[in-house]
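Text of the file final_20.cif, holding mmCIF, N, CA and C atoms:
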```cif
data_my_file
#
loop_
_atom_site.label_atom_id
_atom_site.label_comp_id
_atom_site.auth_asym_id
_atom_site.auth_seq_id
_atom_site.Cartn_x
_atom_site.Cartn_y
_atom_site.Cartn_z
N MET A 218 51.37 118.53 -0.75
CA MET A 218 50.40 117.72 -1.41
C MET A 218 50.35 118.12 -2.89
N ALA A 219 50.71 117.22 -3.75
CA ALA A 219 50.72 117.49 -5.18
C ALA A 219 49.34 117.20 -5.77
N THR A 220 48.91 118.09 -6.63
CA THR A 220 47.63 117.88 -7.31
C THR A 220 47.88 117.77 -8.80
N GLY A 221 47.02 117.06 -9.48
CA GLY A 221 47.15 116.89 -10.92
C GLY A 221 46.59 118.11 -11.66
N PRO A 222 46.70 118.09 -12.97
CA PRO A 222 46.18 119.21 -13.75
C PRO A 222 44.66 119.29 -13.65
N THR A 223 44.15 120.50 -13.72
CA THR A 223 42.71 120.71 -13.67
C THR A 223 42.10 120.33 -15.02
N HIS A 224 40.79 120.25 -15.06
CA HIS A 224 40.08 119.94 -16.31
C HIS A 224 40.40 121.01 -17.36
N THR A 225 40.44 122.25 -16.93
CA THR A 225 40.74 123.35 -17.86
C THR A 225 42.15 123.21 -18.41
N GLN A 226 43.13 122.94 -17.56
CA GLN A 226 44.51 122.78 -18.01
C GLN A 226 44.64 121.61 -18.98
N THR A 227 43.97 120.51 -18.70
CA THR A 227 44.00 119.34 -19.57
C THR A 227 43.39 119.68 -20.93
N ARG A 228 42.25 120.37 -20.92
CA ARG A 228 41.58 120.77 -22.15
C ARG A 228 42.46 121.71 -22.98
N GLN A 229 43.09 122.66 -22.32
CA GLN A 229 43.95 123.61 -23.03
C GLN A 229 45.19 122.91 -23.59
N HIS A 230 45.72 121.94 -22.87
CA HIS A 230 46.87 121.17 -23.35
C HIS A 230 46.49 120.37 -24.59
N LEU A 231 45.32 119.74 -24.57
CA LEU A 231 44.83 119.02 -25.75
C LEU A 231 44.68 119.95 -26.95
N ALA A 232 44.18 121.15 -26.70
CA ALA A 232 44.02 122.14 -27.78
C ALA A 232 45.38 122.55 -28.34
N GLU A 233 46.36 122.74 -27.49
CA GLU A 233 47.72 123.09 -27.94
C GLU A 233 48.31 121.98 -28.80
N GLN A 234 48.15 120.75 -28.37
CA GLN A 234 48.66 119.61 -29.14
C GLN A 234 47.95 119.50 -30.49
N ALA A 235 46.65 119.70 -30.50
CA ALA A 235 45.88 119.62 -31.74
C ALA A 235 46.31 120.71 -32.73
N MET A 236 46.56 121.91 -32.24
CA MET A 236 46.99 123.00 -33.12
C MET A 236 48.41 122.75 -33.63
N ALA A 237 49.27 122.22 -32.79
CA ALA A 237 50.64 121.91 -33.21
C ALA A 237 50.65 120.86 -34.30
N ALA A 238 49.71 119.92 -34.24
CA ALA A 238 49.65 118.85 -35.23
C ALA A 238 49.11 119.34 -36.58
N LEU A 239 48.44 120.49 -36.59
CA LEU A 239 47.86 121.00 -37.83
C LEU A 239 48.90 121.39 -38.87
N GLY A 240 49.94 122.04 -38.42
CA GLY A 240 50.91 122.57 -39.38
C GLY A 240 50.37 123.83 -40.02
N ASP A 241 49.58 123.69 -41.08
CA ASP A 241 49.01 124.84 -41.80
C ASP A 241 47.70 125.25 -41.14
N THR A 242 47.75 126.27 -40.31
CA THR A 242 46.54 126.69 -39.61
C THR A 242 45.57 127.44 -40.51
N ALA A 243 46.07 128.08 -41.56
CA ALA A 243 45.19 128.85 -42.44
C ALA A 243 44.13 127.96 -43.09
N ALA A 244 44.49 126.76 -43.47
CA ALA A 244 43.54 125.86 -44.12
C ALA A 244 42.50 125.35 -43.12
N ALA A 245 42.82 125.31 -41.84
CA ALA A 245 41.92 124.77 -40.83
C ALA A 245 41.06 125.84 -40.17
N GLU A 246 41.31 127.12 -40.47
CA GLU A 246 40.54 128.19 -39.83
C GLU A 246 39.12 128.21 -40.37
N ARG A 247 38.14 128.11 -39.47
CA ARG A 247 36.73 128.09 -39.87
C ARG A 247 36.04 129.42 -39.61
N ILE A 248 36.43 130.08 -38.50
CA ILE A 248 35.80 131.34 -38.12
C ILE A 248 36.87 132.31 -37.66
N THR A 249 36.73 133.56 -38.06
CA THR A 249 37.52 134.63 -37.45
C THR A 249 36.51 135.60 -36.84
N VAL A 250 36.73 135.96 -35.58
CA VAL A 250 35.82 136.85 -34.86
C VAL A 250 36.45 138.23 -34.80
N GLN A 251 35.66 139.24 -35.18
CA GLN A 251 36.11 140.62 -35.18
C GLN A 251 35.11 141.49 -34.43
N CYS A 252 35.61 142.59 -33.87
CA CYS A 252 34.73 143.55 -33.22
C CYS A 252 34.13 144.47 -34.28
N ALA A 253 33.35 145.44 -33.87
CA ALA A 253 32.71 146.37 -34.80
C ALA A 253 33.72 147.22 -35.56
N HIS A 254 34.94 147.34 -35.02
CA HIS A 254 35.99 148.13 -35.66
C HIS A 254 36.97 147.25 -36.43
N SER A 255 36.60 146.02 -36.67
CA SER A 255 37.39 145.03 -37.43
C SER A 255 38.67 144.60 -36.74
N HIS A 256 38.76 144.77 -35.42
CA HIS A 256 39.90 144.24 -34.68
C HIS A 256 39.73 142.74 -34.53
N HIS A 257 40.82 142.01 -34.64
CA HIS A 257 40.78 140.55 -34.48
C HIS A 257 40.61 140.20 -33.01
N VAL A 258 39.61 139.39 -32.71
CA VAL A 258 39.31 138.99 -31.33
C VAL A 258 39.67 137.53 -31.10
N ALA A 259 39.30 136.66 -32.05
CA ALA A 259 39.51 135.23 -31.87
C ALA A 259 39.42 134.52 -33.22
N ALA A 260 39.80 133.25 -33.21
CA ALA A 260 39.65 132.40 -34.38
C ALA A 260 39.30 131.00 -33.91
N VAL A 261 38.54 130.29 -34.74
CA VAL A 261 38.17 128.91 -34.44
C VAL A 261 38.73 128.03 -35.56
N TYR A 262 39.40 126.96 -35.16
CA TYR A 262 40.04 126.04 -36.10
C TYR A 262 39.44 124.64 -35.96
N THR A 263 39.37 123.92 -37.06
CA THR A 263 38.96 122.53 -37.05
C THR A 263 40.20 121.67 -36.86
N THR A 264 40.19 120.84 -35.82
CA THR A 264 41.32 119.95 -35.53
C THR A 264 40.81 118.53 -35.29
N ASP A 265 41.72 117.59 -35.17
CA ASP A 265 41.35 116.21 -34.86
C ASP A 265 40.71 116.09 -33.47
N ALA A 266 41.03 117.01 -32.57
CA ALA A 266 40.48 116.99 -31.22
C ALA A 266 39.13 117.70 -31.14
N GLY A 267 38.68 118.28 -32.25
CA GLY A 267 37.45 119.07 -32.27
C GLY A 267 37.78 120.53 -32.52
N PRO A 268 36.77 121.39 -32.54
CA PRO A 268 37.02 122.82 -32.76
C PRO A 268 37.87 123.41 -31.63
N VAL A 269 38.88 124.18 -32.02
CA VAL A 269 39.77 124.85 -31.07
C VAL A 269 39.63 126.36 -31.27
N VAL A 270 39.51 127.08 -30.16
CA VAL A 270 39.40 128.53 -30.21
C VAL A 270 40.72 129.14 -29.75
N LEU A 271 41.16 130.16 -30.47
CA LEU A 271 42.38 130.90 -30.15
C LEU A 271 41.96 132.33 -29.84
N THR A 272 42.28 132.79 -28.64
CA THR A 272 41.97 134.17 -28.27
C THR A 272 43.25 134.89 -27.88
N HIS A 273 43.18 136.20 -27.96
CA HIS A 273 44.29 137.04 -27.55
C HIS A 273 43.91 137.70 -26.23
N PRO A 274 44.63 137.41 -25.14
CA PRO A 274 44.25 137.94 -23.84
C PRO A 274 44.71 139.36 -23.57
N GLY A 275 45.42 139.98 -24.49
CA GLY A 275 45.89 141.35 -24.26
C GLY A 275 46.46 141.95 -25.51
N PRO A 276 47.06 143.13 -25.42
CA PRO A 276 47.59 143.82 -26.61
C PRO A 276 48.53 142.94 -27.42
N HIS A 277 48.41 143.06 -28.73
CA HIS A 277 49.26 142.28 -29.63
C HIS A 277 49.61 143.12 -30.85
N SER A 278 50.63 142.72 -31.55
CA SER A 278 51.08 143.49 -32.71
C SER A 278 50.15 143.26 -33.89
N HIS A 279 50.23 144.13 -34.88
CA HIS A 279 49.36 144.06 -36.04
C HIS A 279 50.13 143.91 -37.34
N GLY A 280 51.39 143.67 -37.29
CA GLY A 280 52.17 143.51 -38.50
C GLY A 280 53.64 143.47 -38.19
N SER A 281 54.45 143.34 -39.22
CA SER A 281 55.88 143.16 -39.02
C SER A 281 56.57 144.38 -38.42
N LYS A 282 55.99 145.56 -38.58
CA LYS A 282 56.62 146.78 -38.05
C LYS A 282 55.92 147.31 -36.81
N ASP A 283 54.89 146.63 -36.35
CA ASP A 283 54.10 147.09 -35.22
C ASP A 283 54.36 146.16 -34.05
N PHE A 284 55.09 146.63 -33.07
CA PHE A 284 55.49 145.79 -31.95
C PHE A 284 54.76 146.20 -30.68
N VAL A 285 54.39 145.22 -29.89
CA VAL A 285 53.77 145.47 -28.60
C VAL A 285 54.84 145.95 -27.64
N ASP A 286 54.50 146.91 -26.79
CA ASP A 286 55.43 147.43 -25.81
C ASP A 286 55.51 146.44 -24.65
N THR A 287 56.48 145.52 -24.71
CA THR A 287 56.65 144.53 -23.65
C THR A 287 57.98 144.77 -22.96
N GLY A 288 58.17 144.07 -21.86
CA GLY A 288 59.42 144.18 -21.11
C GLY A 288 60.59 143.60 -21.89
N ARG A 289 61.76 143.68 -21.31
CA ARG A 289 62.99 143.24 -22.00
C ARG A 289 62.96 141.79 -22.42
N HIS A 290 62.28 140.97 -21.68
CA HIS A 290 62.30 139.54 -21.97
C HIS A 290 60.96 139.05 -22.51
N GLY A 291 60.25 139.93 -23.22
CA GLY A 291 59.00 139.54 -23.84
C GLY A 291 57.94 139.11 -22.85
N SER A 292 57.59 139.99 -21.93
CA SER A 292 56.64 139.62 -20.89
C SER A 292 55.19 139.71 -21.36
N GLY A 293 54.94 139.82 -22.66
CA GLY A 293 53.58 139.85 -23.16
C GLY A 293 52.88 138.53 -22.90
N ARG A 294 51.58 138.59 -22.70
CA ARG A 294 50.82 137.37 -22.41
C ARG A 294 50.66 136.55 -23.69
N PRO A 295 50.77 135.23 -23.60
CA PRO A 295 50.62 134.40 -24.79
C PRO A 295 49.16 134.27 -25.19
N ASP A 296 48.94 133.88 -26.45
CA ASP A 296 47.59 133.59 -26.90
C ASP A 296 47.04 132.42 -26.11
N ARG A 297 45.73 132.34 -26.01
CA ARG A 297 45.10 131.26 -25.25
C ARG A 297 44.40 130.32 -26.22
N LEU A 298 44.69 129.04 -26.10
CA LEU A 298 44.04 128.00 -26.89
C LEU A 298 43.16 127.16 -25.96
N ASP A 299 41.99 126.79 -26.46
CA ASP A 299 41.09 125.95 -25.68
C ASP A 299 40.18 125.19 -26.63
N LEU A 300 39.72 124.03 -26.19
CA LEU A 300 38.72 123.31 -26.97
C LEU A 300 37.41 124.08 -26.88
N LEU A 301 36.77 124.29 -28.01
CA LEU A 301 35.53 125.06 -28.02
C LEU A 301 34.42 124.29 -27.31
N ASP A 302 34.34 122.99 -27.54
CA ASP A 302 33.37 122.16 -26.85
C ASP A 302 34.02 121.68 -25.56
N ALA A 303 33.79 122.41 -24.49
CA ALA A 303 34.50 122.15 -23.23
C ALA A 303 33.85 121.07 -22.39
N GLY A 304 32.69 120.57 -22.80
CA GLY A 304 32.03 119.54 -22.03
C GLY A 304 31.09 120.11 -20.98
N ARG A 305 30.41 119.20 -20.33
CA ARG A 305 29.43 119.58 -19.31
C ARG A 305 30.06 120.28 -18.12
N GLY A 306 29.36 121.27 -17.63
CA GLY A 306 29.82 121.95 -16.43
C GLY A 306 30.87 123.03 -16.66
N ALA A 307 31.38 123.13 -17.89
CA ALA A 307 32.39 124.16 -18.16
C ALA A 307 31.71 125.51 -18.36
N ASP A 308 32.42 126.54 -18.03
CA ASP A 308 31.91 127.90 -18.20
C ASP A 308 31.71 128.19 -19.69
N ASP A 309 30.58 128.77 -20.06
CA ASP A 309 30.30 129.10 -21.46
C ASP A 309 31.11 130.31 -21.92
N THR A 310 31.60 131.10 -21.00
CA THR A 310 32.31 132.33 -21.32
C THR A 310 33.79 132.08 -21.59
N ILE A 311 34.28 132.68 -22.69
CA ILE A 311 35.70 132.62 -23.03
C ILE A 311 36.21 134.06 -23.02
N PRO A 312 37.17 134.39 -22.15
CA PRO A 312 37.70 135.75 -22.14
C PRO A 312 38.58 136.00 -23.36
N ALA A 313 38.45 137.18 -23.95
CA ALA A 313 39.25 137.57 -25.11
C ALA A 313 39.53 139.06 -25.01
N TRP A 314 40.24 139.56 -26.00
CA TRP A 314 40.65 140.97 -25.98
C TRP A 314 40.83 141.46 -27.40
N CYS A 315 40.50 142.72 -27.64
CA CYS A 315 40.87 143.39 -28.89
C CYS A 315 41.30 144.80 -28.52
N ASP A 316 41.63 145.62 -29.50
CA ASP A 316 42.10 146.98 -29.20
C ASP A 316 41.03 147.84 -28.53
N CYS A 317 39.77 147.41 -28.60
CA CYS A 317 38.69 148.14 -27.93
C CYS A 317 38.62 147.80 -26.45
N GLY A 318 39.26 146.67 -26.06
CA GLY A 318 39.25 146.26 -24.66
C GLY A 318 38.83 144.81 -24.51
N PRO A 319 38.58 144.39 -23.27
CA PRO A 319 38.23 142.98 -23.03
C PRO A 319 36.81 142.67 -23.50
N VAL A 320 36.62 141.45 -23.97
CA VAL A 320 35.30 140.97 -24.38
C VAL A 320 35.13 139.53 -23.89
N ASP A 321 33.91 139.10 -23.79
CA ASP A 321 33.60 137.72 -23.45
C ASP A 321 32.91 137.07 -24.63
N LEU A 322 33.39 135.91 -25.02
CA LEU A 322 32.81 135.14 -26.11
C LEU A 322 32.00 133.99 -25.52
N SER A 323 31.00 133.53 -26.25
CA SER A 323 30.17 132.42 -25.82
C SER A 323 30.55 131.17 -26.59
N ARG A 324 30.92 130.11 -25.85
CA ARG A 324 31.24 128.84 -26.49
C ARG A 324 30.06 128.33 -27.31
N SER A 325 28.87 128.36 -26.73
CA SER A 325 27.69 127.81 -27.41
C SER A 325 27.36 128.61 -28.68
N ALA A 326 27.51 129.92 -28.64
CA ALA A 326 27.26 130.73 -29.84
C ALA A 326 28.28 130.43 -30.93
N LEU A 327 29.54 130.25 -30.57
CA LEU A 327 30.57 129.92 -31.56
C LEU A 327 30.34 128.52 -32.14
N LEU A 328 29.95 127.57 -31.30
CA LEU A 328 29.66 126.22 -31.80
C LEU A 328 28.48 126.25 -32.77
N GLN A 329 27.46 127.02 -32.45
CA GLN A 329 26.31 127.13 -33.34
C GLN A 329 26.72 127.82 -34.65
N ARG A 330 27.57 128.81 -34.54
CA ARG A 330 28.01 129.56 -35.73
C ARG A 330 28.79 128.67 -36.70
N LEU A 331 29.42 127.61 -36.22
CA LEU A 331 30.15 126.70 -37.09
C LEU A 331 29.24 126.02 -38.11
N THR A 332 27.95 125.96 -37.83
CA THR A 332 27.01 125.33 -38.76
C THR A 332 26.54 126.28 -39.85
N HIS A 333 26.88 127.55 -39.75
CA HIS A 333 26.47 128.55 -40.74
C HIS A 333 27.60 128.80 -41.73
N PRO A 334 27.24 129.16 -42.96
CA PRO A 334 28.29 129.53 -43.92
C PRO A 334 28.90 130.89 -43.56
N GLY A 335 30.05 131.14 -44.07
CA GLY A 335 30.73 132.41 -43.81
C GLY A 335 31.81 132.23 -42.78
N ARG A 336 32.88 132.96 -42.97
CA ARG A 336 34.05 132.79 -42.11
C ARG A 336 34.21 133.91 -41.10
N THR A 337 33.91 135.15 -41.48
CA THR A 337 34.10 136.27 -40.57
C THR A 337 32.81 136.53 -39.80
N VAL A 338 32.94 136.64 -38.49
CA VAL A 338 31.79 136.88 -37.61
C VAL A 338 32.09 138.12 -36.78
N ARG A 339 31.12 139.02 -36.72
CA ARG A 339 31.24 140.20 -35.86
C ARG A 339 30.72 139.86 -34.47
N LEU A 340 31.26 140.49 -33.44
CA LEU A 340 30.84 140.23 -32.08
C LEU A 340 29.33 140.43 -31.91
N ALA A 341 28.76 141.39 -32.60
CA ALA A 341 27.33 141.66 -32.48
C ALA A 341 26.48 140.49 -33.00
N GLU A 342 27.06 139.63 -33.85
CA GLU A 342 26.33 138.49 -34.41
C GLU A 342 26.32 137.30 -33.46
N LEU A 343 27.13 137.34 -32.43
CA LEU A 343 27.21 136.19 -31.51
C LEU A 343 26.24 136.33 -30.37
#
```
Take the structure in this file and express it as structure tokens.
Amino acid sequence: MATGPTHTQTRQHLAEQAMAALGDTAAAERITVQCAHSHHVAAVYTTDAGPVVLTHPGPHSHGSKDFVDTGRHGSGRPDRLDLLDAGRGADDTIPAWCDCGPVDLSRSALLQRLTHPGRTVRLAEL
């Protein structure tokens, strides 16, 4: 019995397409989320599909000379893209990760933060 994509998979696919259409992501970045130690946790981008959140689900490199210890064929987990406004009934929690460990972000807090000035947000502010 074949089943179609879930609501989450459809939402994430739309977010991937919206980010691919951006080209220059730096100009579209509205928020960067950092932990208390200034580790990058997530970013929110303005796209045609609405705000898109990018999170890192596990260890990642920090520069051109800093490589993550992955298997021979790059078994590191990919970044996760999702629409920030997930609609009714969607979980408010977005799993993310920084060098301090796993964290949970709130969709509603990030959406509210988009109305405030300033680009960098600390986890304690959410």
Picked residues, the PyMOL selection byres ((chain A and resi 323) around 7), expected as number ranges by chain: A: 309-311, 321-322, 324-328, 343
Contacts of Cys252 of chain A at 6 Å (all atoms listed in the file; same-chain gap of 5+ positions) as an NGL selection string: :A and (257-258 or 339-340)
Generate a file of the selected residues that holds N, CA and C atoms, formatted as a JSON list (two decimals), in the frame of the given file.
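Once written, out-v9.json looks like this:
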```json
[["chain", "number", "residue", "atom", "x", "y", "z"],
["A", 257, "HIS", "N", 40.82, 142.01, -34.64],
["A", 257, "HIS", "CA", 40.78, 140.55, -34.48],
["A", 257, "HIS", "C", 40.61, 140.20, -33.01],
["A", 258, "VAL", "N", 39.61, 139.39, -32.71],
["A", 258, "VAL", "CA", 39.31, 138.99, -31.33],
["A", 258, "VAL", "C", 39.67, 137.53, -31.10],
["A", 339, "ARG", "N", 31.12, 139.02, -36.72],
["A", 339, "ARG", "CA", 31.24, 140.20, -35.86],
["A", 339, "ARG", "C", 30.72, 139.86, -34.47],
["A", 340, "LEU", "N", 31.26, 140.49, -33.44],
["A", 340, "LEU", "CA", 30.84, 140.23, -32.08],
["A", 340, "LEU", "C", 29.33, 140.43, -31.91]]
```
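Of the listed residues A:Gly318, A:Val338, A:Thr272, A:Gln251, the one whose atoms come nearest to Arg297 of chain A is A:Thr272, with distances taken using only N, CA and C atoms.
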Residue IDs satisfying the PyMOL selection byres (((chain A and resi 243 and name CA) around 12) and name CA), as an MDAnalysis selection string: chainID A and resid 236 239:242 244:249 260:264 336
Atomic separation - atom CA of Ala313 of chain A relative to atom CA of Ala259 of chain A, Å: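 So the two atoms, atom CA of Ala259 of chain A and atom CA of Ala313 of chain A, lie 7.2 Å apart.
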Residue set, chain A restricted to strand (DSSP E or B), as JSON, numbers by chain: {"A": [246, 247, 248, 249, 250, 251, 257, 258, 259, 260, 261, 262, 263, 264, 267, 268, 269, 270, 271, 272, 280, 283, 297, 298, 299, 300, 310, 311, 312, 313, 314, 315, 318, 319, 320, 321, 322, 323, 337, 338, 339]}
Distance in Å - atom C of Glu233 of chain A versus atom N of Asp296 of chain A: 12.1 Å
Å distance separating atom N of Gln229 of chain A from atom CA of Leu300 of chain A, one decimal place: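 Atom N of Gln229 of chain A sits 6.4 Å away from atom CA of Leu300 of chain A.
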Of the listed residues A:Val250, A:Leu301, A:Ala232, A:Ala237, that which approaches Thr337 of chain A most closely, counting only C-alpha atoms: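 Counting only C-alpha atoms, the residue closest to Thr337 of chain A is A:Val250.
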Best match for closeness to Gln329 of chain A among A:Asp302, A:Ala341, A:Pro222, A:Trp314, counting only C-alpha atoms: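 Closest candidate: A:Asp302.
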Sel. of helix (DSSP H, G or I) residues, chain A, as a PyMOL selection string: chain A and resi 224-239+242-245+324-330+340-342
Write the residues of the selection above to a file with N, CA and C atoms, as a PDB file, keeping the file's coordinate frame.
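This is the output file part_35.pdb:
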```
ATOM      1  N   HIS A 224      40.790 120.250 -15.060  1.00  0.00           N
ATOM      2  CA  HIS A 224      40.080 119.940 -16.310  1.00  0.00           C
ATOM      3  C   HIS A 224      40.400 121.010 -17.360  1.00  0.00           C
ATOM      4  N   THR A 225      40.440 122.250 -16.930  1.00  0.00           N
ATOM      5  CA  THR A 225      40.740 123.350 -17.860  1.00  0.00           C
ATOM      6  C   THR A 225      42.150 123.210 -18.410  1.00  0.00           C
ATOM      7  N   GLN A 226      43.130 122.940 -17.560  1.00  0.00           N
ATOM      8  CA  GLN A 226      44.510 122.780 -18.010  1.00  0.00           C
ATOM      9  C   GLN A 226      44.640 121.610 -18.980  1.00  0.00           C
ATOM     10  N   THR A 227      43.970 120.510 -18.700  1.00  0.00           N
ATOM     11  CA  THR A 227      44.000 119.340 -19.570  1.00  0.00           C
ATOM     12  C   THR A 227      43.390 119.680 -20.930  1.00  0.00           C
ATOM     13  N   ARG A 228      42.250 120.370 -20.920  1.00  0.00           N
ATOM     14  CA  ARG A 228      41.580 120.770 -22.150  1.00  0.00           C
ATOM     15  C   ARG A 228      42.460 121.710 -22.980  1.00  0.00           C
ATOM     16  N   GLN A 229      43.090 122.660 -22.320  1.00  0.00           N
ATOM     17  CA  GLN A 229      43.950 123.610 -23.030  1.00  0.00           C
ATOM     18  C   GLN A 229      45.190 122.910 -23.590  1.00  0.00           C
ATOM     19  N   HIS A 230      45.720 121.940 -22.870  1.00  0.00           N
ATOM     20  CA  HIS A 230      46.870 121.170 -23.350  1.00  0.00           C
ATOM     21  C   HIS A 230      46.490 120.370 -24.590  1.00  0.00           C
ATOM     22  N   LEU A 231      45.320 119.740 -24.570  1.00  0.00           N
ATOM     23  CA  LEU A 231      44.830 119.020 -25.750  1.00  0.00           C
ATOM     24  C   LEU A 231      44.680 119.950 -26.950  1.00  0.00           C
ATOM     25  N   ALA A 232      44.180 121.150 -26.700  1.00  0.00           N
ATOM     26  CA  ALA A 232      44.020 122.140 -27.780  1.00  0.00           C
ATOM     27  C   ALA A 232      45.380 122.550 -28.340  1.00  0.00           C
ATOM     28  N   GLU A 233      46.360 122.740 -27.490  1.00  0.00           N
ATOM     29  CA  GLU A 233      47.720 123.090 -27.940  1.00  0.00           C
ATOM     30  C   GLU A 233      48.310 121.980 -28.800  1.00  0.00           C
ATOM     31  N   GLN A 234      48.150 120.750 -28.370  1.00  0.00           N
ATOM     32  CA  GLN A 234      48.660 119.610 -29.140  1.00  0.00           C
ATOM     33  C   GLN A 234      47.950 119.500 -30.490  1.00  0.00           C
ATOM     34  N   ALA A 235      46.650 119.700 -30.500  1.00  0.00           N
ATOM     35  CA  ALA A 235      45.880 119.620 -31.740  1.00  0.00           C
ATOM     36  C   ALA A 235      46.310 120.710 -32.730  1.00  0.00           C
ATOM     37  N   MET A 236      46.560 121.910 -32.240  1.00  0.00           N
ATOM     38  CA  MET A 236      46.990 123.000 -33.120  1.00  0.00           C
ATOM     39  C   MET A 236      48.410 122.750 -33.630  1.00  0.00           C
ATOM     40  N   ALA A 237      49.270 122.220 -32.790  1.00  0.00           N
ATOM     41  CA  ALA A 237      50.640 121.910 -33.210  1.00  0.00           C
ATOM     42  C   ALA A 237      50.650 120.860 -34.300  1.00  0.00           C
ATOM     43  N   ALA A 238      49.710 119.920 -34.240  1.00  0.00           N
ATOM     44  CA  ALA A 238      49.650 118.850 -35.230  1.00  0.00           C
ATOM     45  C   ALA A 238      49.110 119.340 -36.580  1.00  0.00           C
ATOM     46  N   LEU A 239      48.440 120.490 -36.590  1.00  0.00           N
ATOM     47  CA  LEU A 239      47.860 121.000 -37.830  1.00  0.00           C
ATOM     48  C   LEU A 239      48.900 121.390 -38.870  1.00  0.00           C
ATOM     49  N   THR A 242      47.750 126.270 -40.310  1.00  0.00           N
ATOM     50  CA  THR A 242      46.540 126.690 -39.610  1.00  0.00           C
ATOM     51  C   THR A 242      45.570 127.440 -40.510  1.00  0.00           C
ATOM     52  N   ALA A 243      46.070 128.080 -41.560  1.00  0.00           N
ATOM     53  CA  ALA A 243      45.190 128.850 -42.440  1.00  0.00           C
ATOM     54  C   ALA A 243      44.130 127.960 -43.090  1.00  0.00           C
ATOM     55  N   ALA A 244      44.490 126.760 -43.470  1.00  0.00           N
ATOM     56  CA  ALA A 244      43.540 125.860 -44.120  1.00  0.00           C
ATOM     57  C   ALA A 244      42.500 125.350 -43.120  1.00  0.00           C
ATOM     58  N   ALA A 245      42.820 125.310 -41.840  1.00  0.00           N
ATOM     59  CA  ALA A 245      41.920 124.770 -40.830  1.00  0.00           C
ATOM     60  C   ALA A 245      41.060 125.840 -40.170  1.00  0.00           C
ATOM     61  N   ARG A 324      30.920 130.110 -25.850  1.00  0.00           N
ATOM     62  CA  ARG A 324      31.240 128.840 -26.490  1.00  0.00           C
ATOM     63  C   ARG A 324      30.060 128.330 -27.310  1.00  0.00           C
ATOM     64  N   SER A 325      28.870 128.360 -26.730  1.00  0.00           N
ATOM     65  CA  SER A 325      27.690 127.810 -27.410  1.00  0.00           C
ATOM     66  C   SER A 325      27.360 128.610 -28.680  1.00  0.00           C
ATOM     67  N   ALA A 326      27.510 129.920 -28.640  1.00  0.00           N
ATOM     68  CA  ALA A 326      27.260 130.730 -29.840  1.00  0.00           C
ATOM     69  C   ALA A 326      28.280 130.430 -30.930  1.00  0.00           C
ATOM     70  N   LEU A 327      29.540 130.250 -30.570  1.00  0.00           N
ATOM     71  CA  LEU A 327      30.570 129.920 -31.560  1.00  0.00           C
ATOM     72  C   LEU A 327      30.340 128.520 -32.140  1.00  0.00           C
ATOM     73  N   LEU A 328      29.950 127.570 -31.300  1.00  0.00           N
ATOM     74  CA  LEU A 328      29.660 126.220 -31.800  1.00  0.00           C
ATOM     75  C   LEU A 328      28.480 126.250 -32.770  1.00  0.00           C
ATOM     76  N   GLN A 329      27.460 127.020 -32.450  1.00  0.00           N
ATOM     77  CA  GLN A 329      26.310 127.130 -33.340  1.00  0.00           C
ATOM     78  C   GLN A 329      26.720 127.820 -34.650  1.00  0.00           C
ATOM     79  N   ARG A 330      27.570 128.810 -34.540  1.00  0.00           N
ATOM     80  CA  ARG A 330      28.010 129.560 -35.730  1.00  0.00           C
ATOM     81  C   ARG A 330      28.790 128.670 -36.700  1.00  0.00           C
ATOM     82  N   LEU A 340      31.260 140.490 -33.440  1.00  0.00           N
ATOM     83  CA  LEU A 340      30.840 140.230 -32.080  1.00  0.00           C
ATOM     84  C   LEU A 340      29.330 140.430 -31.910  1.00  0.00           C
ATOM     85  N   ALA A 341      28.760 141.390 -32.600  1.00  0.00           N
ATOM     86  CA  ALA A 341      27.330 141.660 -32.480  1.00  0.00           C
ATOM     87  C   ALA A 341      26.480 140.490 -33.000  1.00  0.00           C
ATOM     88  N   GLU A 342      27.060 139.630 -33.850  1.00  0.00           N
ATOM     89  CA  GLU A 342      26.330 138.490 -34.410  1.00  0.00           C
ATOM     90  C   GLU A 342      26.320 137.300 -33.460  1.00  0.00           C
TER      91      GLU A 342
END
```
A:Cys317, A:Leu298, A:Leu331, A:Ala266 ranked by distance to Ala235 of chain A, top pick (using all atoms listed in the file):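 Checking each of A:Cys317, A:Leu298, A:Leu331, A:Ala266 against Ala235 of chain A, counting all atoms listed in the file, the winner is A:Ala266.
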